[in-house]
Amino acid sequence: MSYQIPKFRHPDLPVNELGYTRADYEGSISTLCAGCGHDSISGAIVRACHELSIEPHKIAKLSGIGCSSKAPTYFLGKSHGFNSVHGRMPSVVTGAAMANRDLLYLGVSGDGDTASIGMGQFAHVARRNLNMVYIVMNNGCYGLTKGQDSATADEGSVSKKGDANIYSAIDLCGTALQMGATFIARSFSGDKAQLVPLIKAAISHRGFALIDVVSPCVTFNNNPGSTKSYEFVRDHAEATGTVDFVPMQKEITTEYEAGFSHEVTMHDGSSVHLYKMEEDLNPFDRTSALIAMEKHRVAGDILTGLIYMDKDSRDLHDVMETSRRPLNTLGAEDLCPGNQMLKNINASLR
Amino acid sequence: MSYQIPKFRHPDLPVNELGYTRADYEGSISTLCAGCGHDSISGAIVRACHELSIEPHKIAKLSGIGCSSKAPTYFLGKSHGFNSVHGRMPSVVTGAAMANRDLLYLGVSGDGDTASIGMGQFAHVARRNLNMVYIVMNNGCYGLTKGQDSATADEGSVSKKGDANIYSAIDLCGTALQMGATFIARSFSGDKAQLVPLIKAAISHRGFALIDVVSPCVTFNNNPGSTKSYEFVRDHAEATGTVDFVPMQKEITTEYEAGFSHEVTMHDGSSVHLYKMEEDLNPFDRTSALIAMEKHRVAGDILTGLIYMDKDSRDLHDVMETSRRPLNTLGAEDLCPGNQMLKNINASLR
Amino acid sequence: MKKLESVNDFVIKFANVNGTGSASANNMFAKALFRMGLPVSPKNIFPSNIQGLPTWYEVRVSEAGYLGRRGGIDIALSVNPQSMAQDISEVEPGGYFIYDNTKPLDLRLVRNDVNIIGIPLTRICNEEYKDPRQRQLFKNVIYVGALAALLDMDFKVLTDLVADQFKGKEKLILPNIHALELGHQYARNNVDCPLGIRVQAADAVGDKILLDGNTALGLGAVYGGATVAAWYPITPSTSVVDAFEKYARRVRIDPGTGRKNYAIVQAEDELSAIGMVIGASWNGARAFTATSGPGVSLMSEFLGLAYFAEIPTVLFDVQRAGPSTGMPTRTQQSDILSTAYASHGDTKQVLLFPSTPKECFDFGAQAFDLAERLQTPIILMTDLDLGMNDNMSPPLEWEDGREYDRGKVMTAEQLEAGVEFGRYTDVDGDAICYRTYPATHPSKGAFFTRGTSRDEKAVYTEKGEEYEENMLRLMRKWDTIKEYVPGPEVVSAAQKTDIAVLYFGTSEESSREALDYLAKEGVHMDAMRVRAFPFNHEVKSFIEEHEQVFVIEQNRDAQLRTLLMAEFELGPDKLKSVLCFDGTPISARNIKKQINLHLDGGEIQPLHRSRVANAGGE
Amino acid sequence: MKKLESVNDFVIKFANVNGTGSASANNMFAKALFRMGLPVSPKNIFPSNIQGLPTWYEVRVSEAGYLGRRGGIDIALSVNPQSMAQDISEVEPGGYFIYDNTKPLDLRLVRNDVNIIGIPLTRICNEEYKDPRQRQLFKNVIYVGALAALLDMDFKVLTDLVADQFKGKEKLILPNIHALELGHQYARNNVDCPLGIRVQAADAVGDKILLDGNTALGLGAVYGGATVAAWYPITPSTSVVDAFEKYARRVRIDPGTGRKNYAIVQAEDELSAIGMVIGASWNGARAFTATSGPGVSLMSEFLGLAYFAEIPTVLFDVQRAGPSTGMPTRTQQSDILSTAYASHGDTKQVLLFPSTPKECFDFGAQAFDLAERLQTPIILMTDLDLGMNDNMSPPLEWEDGREYDRGKVMTAEQLEAGVEFGRYTDVDGDAICYRTYPATHPSKGAFFTRGTSRDEKAVYTEKGEEYEENMLRLMRKWDTIKEYVPGPEVVSAAQKTDIAVLYFGTSEESSREALDYLAKEGVHMDAMRVRAFPFNHEVKSFIEEHEQVFVIEQNRDAQLRTLLMAEFELGPDKLKSVLCFDGTPISARNIKKQINLHLDGGEIQPLHRSRVANAGGE
Ligand SMILES: Cc1ncc(C[n+]2csc(CCOP(=O)(O)OP(=O)(O)O)c2C)c(N)n1
Ligand SMILES: Cc1ncc(C[n+]2csc(CCOP(=O)(O)OP(=O)(O)O)c2C)c(N)n1
Ligand code: SF4
Ligand code: SF4
Ligand SMILES: [Mg+2]
Ligand SMILES: [Mg+2]
């Protein structure tokens with residue numbers, strides 16, 4: 001039921017450094033509901049990858065099961081994709097990343113996929129600081145199975161079915177921080193201006209980068225009383241500050257307004273600029289990030305933007321000291337010790 | 001291979017209000033290694049239950065798989081026990097507690113059982129604020145499978161095998177707080193004076209009560225270089241303050257030394273006294289608890305004692321509004337609506 | 001041109017877009033025929049998404065009472081341009097294709113052997129309504145009105161239905177009736193009504209009801225005394241717990257306190273759900289979970305624990321098309337092997353196979369008795385077709401005064417009186433032992449439940465002999481179980497015959513119909529419907545008494561046949577497979593064709609819809 | 001009194017306490033005999049705890065080369081008072097019971113039909129050593145020295161062994177030799193040496209090696225080119241990954257950079273471990289995991305994904321006694337059904353059954369070729385007995401220059417050249433399709449892998465026909481698989497016969513021995529060792545060619561027989577079961593007894609050790 005997008009290229013569509021138009025980063029036509037937040041996030045991913053001039057085939061996109069997990073079909077049609085099983089995307093990405101450290105791993109998941117069935121794998125992939133971008137399309141409900149509350153639904157939030165949720169919500173950013181994640185951001189599907197640079201920064205980060213994106217489910221959880229509706233999020237989002245992403249090659253051209261400003265150079269040479277930061281938050285300090293999150297939790301608003309980044313992050317391959325050559329490129333000559341070695345081993349076993 | 005303890009009762013063993021001696025709360029002879037921290041925790045449980053005069057048969061003890069999870073065989077021989085499967089004790093307790101809200105549920109687990117395979121269930125049972133005591137016998141390794149690092153092993157900690165752990169540690173107290181647990185404490189198997197009152201307080205708490213007890217594995221993780229060895233813990237434990245537990249019936253007789261002191265009355269009428277508290281910590285405030293934990297994490301020491309308690313905790317039965325009569329006592333007369341109701345239903349289906 | 005002619009016997013298929021409100025209109029159509037006294041069997045064929053993709057609704061109407069899929073479409077009603085090409089191609093020669101002709105039909109689609117009828121649904125709506133939502137909703141009602149004219153339905157039945165449906169929202173009644181009339185009038189004025197295919201009131205449904213199996217299961221759990229439900233959402237099982245909750249809210253709130261005499265926990269996943277069921281059952285409550293294939297796979301470790309530690313466990317598996325995520329909104333009977341042998345080590349699980357909503361209700365309640373009596377998991381195997389479609393069913397019944405069989409539970413009184421208790425001691429010789437609930441007695445009867453080996457008193461042991469004795473007892477228990485589970489049902493042929501069919505679950509109705517067709521051609525076959533695994537001796541004798549037995553299943557691997565072969569020692573060439581596994585319910589015509597082919601000496605290897613049945617125009 | 005007499009043919013059992021260092025002494029004993037040219041087969045029988053419980057070490061010595069368990073104990077050496085009663089009771093009449101007589105033997109234990117020999121181990125230690133740790137450790141070495149005298153072992157072999165063992169810790173050599181001498185002297189001076197049972201140097205081991213199957217598997221993975229291992233600890237599989245790591249550290253560190261040409265991830269559980277293997281394999285690395293029963297159950301959902309999405313997946317299942325946690329330190333072959341039919345829906349999995357360390361190595365490496373060639377999970381089924389015990393084995397060999405079979409992978413060059421790519425298109429007619437690794441080509445060859453239904457180009461579909469075509473292709477692939485997996489091995493009887501045995505894995509050696517016994521009694525039987533599932537036609541013909549086939553297995557439910565019955569249509573009474581499932585490896589005497597009983601017209605239902613074999617004194 002999915003259709004490849006017809007590929008007539010408008011002659012004056014903007015191309016990136018690789019000569020690709022944005023259409024080269026798109027996927028099949030979405031089969032999600034009209035207005036679903038997930039589609040906006042797909043759009044932001046397309047834009048970020050296009051603008052960063054990443055070769056599409058050097059990206060691997062992986063997901064679990066859910067409306068959100070379907071999204072990878074709807075972007076990056078030239079990348080290999082893997083729609084695995086419910087809640088287990090992190091392990092599949094971990095294996096994939098072990099096999100080939102040179103690709104960009106883009107994991108997409110839902111709040112059900114991550115915070116419920118996937119909680120264990122989510123916690124552990126964060127803890128291992130796997131080099132990946134992990135995007136949660138967070139609608140506080142199980143869209144694909146028709147709107148049950150998920151574990152990120154706020155206590156008291158009312159979904160379309162009409163009952164107020166009786167459990168406290170799991171905060172995925174807080175959880176990731178606890179687990180040792182090294183890049184943590186939150187955003188809103190309706191705020192592309194914030195989301196696109198965050199995705200770019202996450203891509204440039206070496207290590208586990210979580211972006212928890214509130215993404216309203218228009219069909220089951222966009223009603224009054226829901227704390228994951230477009231309206232509620234627009235009213236309650238509080239940005240930590242503005243993030244700007246400057247690719248390695250580019251000069252900084254924009255003139256920023258005055259304000260507290262940071263510049264971070266990423267592993268790949270690009271840089272991230274933060275300005276107009278929230279007073280109390282130093283996103284390079286874990287304790288500060290923790291306190292800021294807690295403060296906003298207590299206040300009942302939604303802290304968005306870059307929350308935490310460990311500038312000295314060492315990813316899983318770094319700490320494991322794996323070969324710089326991707327393991328999947330090694331052949332028998334690199335891997336097989338040959339018969340003489342076996343003879344020695346045999347001798348030691350007599 | 002387990003032997004029931006011979007039951008000759010020494011005539012002048014102290015009896016509790018129910019007339020039971022401490023032996024009535026013991027179990028089979030332990031088959032754990034001599035010196036294993038877990039046995040000390042079993043001893044503390046026995047003492048707490050005896051001193052609280054809980055009817056042994058009103059306790060249900062449940063566990064997963066591991067040396068730690070074997071421990072329930074070695075205490076409370078008169079209670080029903082359930083050694084379930086690895087990492088899944090929380091779900092079994094949840095079901096059991098749904099069936100009968102009137103028992104005391106004592107869950108025992110290991111750090112592998114909880115922080116690795118059991119992470120998802122641990123997070124969710126905390127989030128649901130199930131009325132139970134959850135004791136982790138935390139040795140930073142997998143004892144029963146011969147000493148592999150667990151997810152609570154500190155980064156850089158060296159186990160008997162000799163390799164330094166490359167991953168960051170999961171802090172179970174911090175995780176539980178994130179998830180919404182309402183009673184959080186940490187202790188040390190070697191500190192019964194602290195552990196026993198904490199267990200008592202946890203038992204009196206209505207809601208999810210976690211006690212993360214560092215419990216050295218003498219066989220695989222008690223060597224120099226390990227941060228879960230007896231020596232390291234003795235050197236690095238920092239108590240939040242002293243906890244005293246006063247059962248409902250008792251008058252306070254001890255005179256406390258001067259110092260910052262709290263008294264909390266628990267649901268069952270007993271009270272918990274805290275004194276000589278760490279300056280910064282207000283254990284009744286989540287934010288304060290969070291910051292204290294983070295501060296000690298950064299300092300590299302082990303914060304023990306009562307860390308957090310929600311005095312207004314509403315447990316799962318409370319929020320679900322379940323019948324006060326245990327569900328397992330309801331009979332067909334309470335449960336079955338009878339044929340007339342079916343006739344009405346049939347009529348509506350024509 | 002040939003026109004199919006029939007009264008009260010046809011198949012109609014509606015082609016819509018999901019999320020547009022067509023479901024309730026289609027439903028109204030089926031229910032109206034049912035109220036006219038006609039057996040109907042509607043089947044939803046829906047995509048695994050929420051909005052915007054093609055969805056179908058196929059209704060079998062059969063005064064003779066055949067409720068399975070027949071195969072073939074006599075009338076297609078297509079309001080979805082996306083699927084129109086497919087929809088028209090499926091119509092039987094001489095059949096009818098009804099479509100929205102506001103836009104002209106693509107000429108390439110026109111078939112000369114099909115009667116094409118245009119109703120300008122969009123135009124009518126646009127003229128009548130301004131609000132786009134109204135336009136969309138009423139379009140569906142209008143085509144139902146048109147069908148009423150085309151098929152000569154009793155219009156009053158429809159208007160009464162509308163009134164019933166909107167009880168409490170009365171101001172919606174008139175606009176809906178008006179929409180019905182719009183369609184009705186348009187058809188009467190512009191089409192030659194009725195068509196060759198039409199309906200007339202009959203008296204063929206008796207006291208039957210229209211109900212989906214999942215609701216019946218949920219009700220079965222209420223009546224069976226379940227107090228704890230733990231689950232994780234998954235299509236097509238979700239509505240089981242929804243139904244349980246709906247009825248529990250109605251009948252299980254304590255009137256005095258307003259508190260609930262039940263607890264429903266939405267677990268974080270299926271491992272947790274079954275763990276909760278095991279914990280609750282261990283603690284003396286009746287508990288259940290409902291899931292589908294992927295969930296069953298995840299429950300596999302816990303199912304082994306429940307088998308070995310002998311904890312009553314009720315699991316409803318509403319099967320869908322596998323393997324893996326497969327086709328989540330399509331039906332299959334393909335979890336038979338994975339459930340029968342669920343979990344590592346020497347385990348065998350008890351399966352029940354209901355085939356009607358009434359049986360879902362009955363087995364659903366009985367599952368708790370069986371689980372507690374037999375102290376083992378009871379896995380009730382239903383499927384999407386039975387679970388999520390309205391099925392005509394005998395009414396539900398409950399014998400007032402019926403008691404629950406709580407199985408062997410030793411009481412405080414017995415313990416106090418000194419009755420000896422050994423949790424795994426076979427005192428009665430039926431290999432089922434006494435258990436105690438936690439907290440039964442202050443000093444007696446406590447024991448330790450575990451997944452490791454232990455002796456008759458539940459004390460941990462690594463002694464081979466003790467382990468072995470226990471395993472042999474569990475094997476003997478398997479024989480006891482055969483006496484308790486529902487036995488098979490036999491329908492004998494009109495004439496003595498040495499060929500037979502064997503089926504289970506939702507293949508029943510199509511099989512019955514196929515046998516009637518075959519009988520008309522002079523091929524007589526006895527029939528057995530298996531209702532549980534383990535099979536008892538009746539199943540064995542039935543197979544032995546026949547030269548050849550066709551095993552009808554909705555999976556690729558002939559899974560029930562595999563179990564039969566594994567359990568009984570049968571000669572070669574005894575069991576033949578009749579299979580359908582494309583995700584749609586097996587049809588009578590398909591079954592008939594496969595049996596014919598076998599009888600003509602055709603290939604023995606599994607046949608399937610596209611190669612065989614499609615060739616015949618299904 | 002009768003004294004058992006034999007040279008180079010006996011069974012000795014050591015009874016110790018675990019955690020006391022007895023393992024290495026016992027090991028030294030077995031290895032010394034092996035170096036004397038005698039086939040030995042030591043088996044550890046250890047508790048599921050870490051310290052302080054009874055543990056046994058049973059060594060079969062057989063110049064004739066029988067390596068399975070024989071049944072019966074000729075010599076018991078007991079230094080554990082906890083288990084002494086059991087230990088002495090197990091000795092064959094005329095056998096020898098050697099114990100620490102520092103404390104006198106409980107008179108109630110004395111048997112008149114057993115030769116009782118005391119060695120005052122504790123006293124000797126206490127006199128010689130002050131340090132308690134030394135006392136404990138050297139006690140074990142002392143009894144080995146005593147045995148050297150009692151059995152007439154070559155003392156030089158022992159001292160050489162000590163020297164080898166403590167290479168690098170030379171100052172431990174002399175004290176150990178001294179301890180050996182203490183025991184040796186005591187025995188020579190105080191006991192009539194040698195016993196009736198004794199050894200002498202022989203030439204019966206050739207170039208064989210002593211190795212445990214898990215190490216062989218780990219080495220197989222190294223040689224097979226595995227670069228990613230993901231696992232979760234579980235007995236008895238843990239040492240597979242330990243061995244992989246040990247050898248990878250030795251041979252897979254890049255000498256230039258010091259970096260690792262492999263990655264080992266200790267996962268958080270088994271679901272994650274298999275997910276990592278699937279992810280790595282999908283991405284073109286060779287990857288594996290190792291686990292045991294509970295882990296396999298947890299992997300069941302992912303195994304279905306790998307089957308359906310056709311992702312090479314290598315899984316080593318080192319089986320232990322189930323169900324549930326069962327007896328984690330005991331052996332069984334009882335995961336056959338749960339792996340063969342792992343996962344919901346229509347799935348079938350490929351199983352390999354090695355029976356020696358060499359075959360663990362060979363199949364371990366070959367599993368990667370098969371997985372990539374067949375694009376499906378390959379589950380290698382070994383067990384605790386093979387995996388954790390030193391088994392005598394032909395030496396390991398690798399043909400230098402052997403290339404890995406990476407299966408059908410489309411390259412950038414092919415794509416660039418315009419070769420058409422459809423991930424699930426059967427271009428070669430063997431039902432195996434081409435895949436691409438991620439990042440192969442900038443614009444061609446990308447596809448979406450999923451567990452849902454899709455068409456030949458890997459595009460999502462819900463069309464029944466497309467789903468069905470794919471499922472039928474997978475069924476055809478099953479036939480292709482039969483041509484690739486290792487075929488069975490046949491050993492024909494000396495005389496033509498119409499009865500036969502069929503066995504697999506670790507039942508081989510005991511079966512072989514039992515057949516020799518039977519042949520001596522005039523009962524000749526052909527033998528087939530099955531090495532893989534699916535079975536190929538040779539297995540079928542073999543069964544058909546015999547009137548009766550005894551299927552020998554180490555489980556309760558006759559699981560391989562079940563598979564045979566389910567796959568082939570065999571007449572009744574064809575397959576008889578010979579079973580052992582008490583957690584110990586099946587013995588030759590047990591097999592012989594069960595077969596005799598069958599041949600005498602005994603009960604057909606599964607026989608077991610305690611009822612049958614024990615009666616005969618095993
Ligand atoms: C093992 C398993 N259990 C249950 C399901 C059914 N299921 C599919 S998607 C989903 C929840 C999706 O929620 P979320 O991840 O939040 O995604 P959303 O649809 O809201 O974007 C569930 C429970 C499944 N596919 N597999
Ligand atoms: C599903 C499953 N996987 C693995 C195991 C093996 N196993 C038994 S205990 C254990 C780890 C125990 O570690 P922990 O919980 O920390 O307990 P400890 O022994 O350290 O007290 C493991 C991996 C198992 N029993 N079940
Ligand atoms: S159901 Fe909700 S989450 Fe799913 S596609 Fe529709 S709007 Fe999006
Ligand atoms: S191995 Fe470690 S955790 Fe297990 S019993 Fe021994 S000391 Fe305790
Ligand atoms: Mg969601
Ligand atoms: Mg541990």
# chains A, B, ... in the order shown; residues from 1 in each chain; ligands from 1
>>> residues_near_ligand(ligand="ligand 2", cutoff="7 Å", atoms="only C-alpha atoms and all ligand atoms", output="PyMOL selection string")
(chain B and resi 65-69+85-86+109-114+137-145+150) or (chain D and resi 232-235+269-270+294-295+298+325)
>>> residues_around(residues="region 180-191 of chain D", least_positions_apart="5", cutoff="9 Å", atoms="only C-alpha atoms", output="list of chain:residue names")
D:Ile117, D:Gly118, D:Ile119, D:Pro120, D:Leu121, D:Ile124, D:Phe138, D:Lys139, D:Val141, D:Ile142, D:Tyr143, D:Val144, D:Gly145, D:Ala146, D:Leu147, D:Ala148, D:Ala149, D:Leu150, D:Phe155, D:Leu158, D:Thr159, D:Pro175
>>> interface_residues(of="chain A", to="chain D", cutoff="8 Å", atoms="only C-alpha atoms", output="MDAnalysis selection string")
chainID A and resid 1:2 55:60 73 77:85 88:89 91:100 103 120:121 124 320:324 327:329 331:332 334:339 342:343 346:347 349:350
>>> closest_residue(among="C:Ser22, C:Asn389, C:Ser292, C:Asn596", to="ligand 1", atoms="only C-alpha atoms and all ligand atoms")
C:Ser292
>>> select_by_dssp(residues="region 79-296 of chain B", states="alpha helix (DSSP H)", output="ChimeraX atom specification")
/B:89-99,111,119-127,172-179,192-204,230-236,286-296
>>> interface_residues(of="chain B", to="chain A", cutoff="7 Å", atoms="only C-alpha atoms", output="VMD selection string")
chain B and resid 119 to 120 127 to 128 166 to 168 170 174 to 175 178 to 180 287 294 319
>>> residues_around(residues="Asn140 (chain D)", least_positions_apart="5", cutoff="8 Å", atoms="only C-alpha atoms", output="PDB file with N, CA, C and O atoms, in the first residue's frame")
ATOM      1  N   GLY D  21      38.642 -26.611  45.223  1.00  0.00           N
ATOM      2  CA  GLY D  21      39.804 -26.823  44.372  1.00  0.00           C
ATOM      3  C   GLY D  21      39.981 -28.250  43.899  1.00  0.00           C
ATOM      4  O   GLY D  21      41.025 -28.620  43.363  1.00  0.00           O
ATOM      5  N   SER D  22      38.950 -29.071  44.071  1.00  0.00           N
ATOM      6  CA  SER D  22      39.106 -30.467  43.664  1.00  0.00           C
ATOM      7  C   SER D  22      39.129 -30.605  42.148  1.00  0.00           C
ATOM      8  O   SER D  22      39.710 -31.541  41.608  1.00  0.00           O
ATOM      9  N   ALA D  25      42.569 -31.080  40.538  1.00  0.00           N
ATOM     10  CA  ALA D  25      43.194 -32.364  40.861  1.00  0.00           C
ATOM     11  C   ALA D  25      42.531 -33.486  40.071  1.00  0.00           C
ATOM     12  O   ALA D  25      43.210 -34.344  39.483  1.00  0.00           O
ATOM     13  N   ASN D  26      41.219 -33.476  40.056  1.00  0.00           N
ATOM     14  CA  ASN D  26      40.499 -34.522  39.330  1.00  0.00           C
ATOM     15  C   ASN D  26      40.885 -34.500  37.852  1.00  0.00           C
ATOM     16  O   ASN D  26      41.071 -35.533  37.212  1.00  0.00           O
TER      17      ASN D  26
END
>>> residues_around(residues="Ala566 (chain C)", least_positions_apart="6", cutoff="12 Å", atoms="only C-alpha atoms", output="number ranges by chain")
C: 337, 340-341, 534-535, 540, 559-560; D: 337, 557-572, 575
>>> write_last_selection(atoms="N, CA, C and O atoms", output="short mmCIF file (atom, residue, chain, number, x, y, z; two decimals), in the first residue's frame")
data_model
loop_
_atom_site.label_atom_id
_atom_site.label_comp_id
_atom_site.auth_asym_id
_atom_site.auth_seq_id
_atom_site.Cartn_x
_atom_site.Cartn_y
_atom_site.Cartn_z
N LEU C 337 1.45 -24.91 16.81
CA LEU C 337 2.67 -25.59 17.26
C LEU C 337 3.41 -24.78 18.31
O LEU C 337 3.90 -25.32 19.30
N ALA C 340 1.42 -25.19 21.56
CA ALA C 340 1.38 -26.56 22.08
C ALA C 340 2.72 -26.93 22.71
O ALA C 340 2.78 -27.62 23.72
N TYR C 341 3.81 -26.48 22.08
CA TYR C 341 5.14 -26.81 22.60
C TYR C 341 5.82 -25.58 23.19
O TYR C 341 7.06 -25.50 23.20
N PRO C 534 -4.64 -31.63 24.70
CA PRO C 534 -4.40 -32.93 24.06
C PRO C 534 -5.67 -33.55 23.48
O PRO C 534 -6.77 -33.34 24.01
N PHE C 535 -5.48 -34.30 22.41
CA PHE C 535 -6.59 -35.02 21.80
C PHE C 535 -6.92 -36.23 22.66
O PHE C 535 -6.03 -36.85 23.23
N LYS C 540 -8.58 -40.18 18.06
CA LYS C 540 -7.78 -41.26 17.48
C LYS C 540 -8.68 -42.27 16.76
O LYS C 540 -8.44 -42.63 15.60
N GLN C 559 -0.36 -27.31 10.80
CA GLN C 559 0.13 -27.44 12.18
C GLN C 559 -0.68 -28.42 13.02
O GLN C 559 -0.13 -29.14 13.84
N LEU C 560 -1.99 -28.43 12.84
CA LEU C 560 -2.76 -29.38 13.64
C LEU C 560 -2.48 -30.80 13.16
O LEU C 560 -2.35 -31.73 13.96
N LEU D 337 12.03 -29.52 20.25
CA LEU D 337 10.76 -29.02 19.69
C LEU D 337 10.65 -27.51 19.80
O LEU D 337 10.20 -26.85 18.87
N ASP D 557 10.01 -36.32 26.43
CA ASP D 557 8.91 -36.33 25.48
C ASP D 557 9.27 -36.90 24.10
O ASP D 557 8.49 -36.75 23.17
N ALA D 558 10.40 -37.56 24.00
CA ALA D 558 10.79 -38.16 22.72
C ALA D 558 10.68 -37.09 21.63
O ALA D 558 9.98 -37.25 20.63
N GLN D 559 11.40 -36.01 21.82
CA GLN D 559 11.18 -34.84 20.97
C GLN D 559 11.68 -35.06 19.54
O GLN D 559 11.05 -34.58 18.60
N LEU D 560 12.79 -35.75 19.37
CA LEU D 560 13.25 -35.97 18.00
C LEU D 560 12.30 -36.94 17.29
O LEU D 560 11.97 -36.77 16.12
N ARG D 561 11.87 -37.94 18.03
CA ARG D 561 10.90 -38.87 17.46
C ARG D 561 9.64 -38.09 17.03
O ARG D 561 9.07 -38.35 15.96
N THR D 562 9.22 -37.14 17.84
CA THR D 562 8.07 -36.33 17.47
C THR D 562 8.31 -35.63 16.14
O THR D 562 7.44 -35.63 15.26
N LEU D 563 9.49 -35.07 15.98
CA LEU D 563 9.81 -34.40 14.71
C LEU D 563 9.80 -35.39 13.55
O LEU D 563 9.31 -35.08 12.46
N LEU D 564 10.35 -36.56 13.79
CA LEU D 564 10.38 -37.57 12.72
C LEU D 564 8.97 -37.96 12.33
O LEU D 564 8.63 -38.05 11.15
N MET D 565 8.13 -38.18 13.34
CA MET D 565 6.75 -38.57 13.05
C MET D 565 6.01 -37.46 12.32
O MET D 565 5.20 -37.70 11.44
N ALA D 566 6.30 -36.23 12.74
CA ALA D 566 5.59 -35.11 12.14
C ALA D 566 6.04 -34.87 10.71
O ALA D 566 5.26 -34.44 9.86
N GLU D 567 7.31 -35.15 10.43
CA GLU D 567 7.83 -34.84 9.09
C GLU D 567 7.57 -35.97 8.10
O GLU D 567 7.39 -35.74 6.92
N PHE D 568 7.64 -37.19 8.57
CA PHE D 568 7.47 -38.33 7.67
C PHE D 568 6.18 -39.05 8.01
O PHE D 568 5.75 -39.05 9.15
N GLU D 569 5.63 -39.69 7.04
CA GLU D 569 4.44 -40.50 7.33
C GLU D 569 4.88 -41.93 7.52
O GLU D 569 5.18 -42.64 6.56
N LEU D 570 4.95 -42.33 8.75
CA LEU D 570 5.44 -43.67 9.07
C LEU D 570 4.29 -44.50 9.62
O LEU D 570 3.37 -43.96 10.22
N GLY D 571 4.37 -45.77 9.44
CA GLY D 571 3.33 -46.64 9.97
C GLY D 571 3.44 -46.73 11.48
O GLY D 571 4.44 -46.34 12.06
N PRO D 572 2.40 -47.26 12.12
CA PRO D 572 2.45 -47.43 13.57
C PRO D 572 3.57 -48.39 13.97
O PRO D 572 4.02 -49.19 13.15
N LEU D 575 8.64 -46.47 15.28
CA LEU D 575 9.66 -45.80 16.09
C LEU D 575 9.44 -46.08 17.57
O LEU D 575 8.37 -45.81 18.10
#
>>> atom_distance(atom1="CA of Asp212 (chain C)", atom2="CA of Ser239 (chain C)")
9.5 Å
>>> closest_residue(among="D:Ile12, D:Leu374, D:Val296, D:Ala494", to="chain C", atoms="only C-alpha atoms")
D:Val296
>>> atom_distance(atom1="CA of Ser510 (chain C)", atom2="CA of Arg69 (chain C)")
6.0 Å
>>> residues_around(residues="region 106-115 of chain C", least_positions_apart="5", cutoff="12 Å", atoms="only C-alpha atoms", output="VMD selection string")
chain C and resid 1 to 4 73 to 77 81 to 101 191 to 192 195 to 197
>>> closest_residue(among="B:Thr304, B:Ser348, B:Ser229, B:Thr240", to="ligand 4", atoms="only C-alpha atoms and all ligand atoms")
B:Ser229
>>> atom_distance(atom1="CA of Lys192 (chain A)", atom2="CA of Asp102 (chain A)")
27.7 Å
>>> select_by_dssp(residues="region 332-517 of chain C", states="strand (DSSP E)", output="PyMOL selection string")
chain C and resi 350-352+377-383+390-393+448-450+489-491+499-503
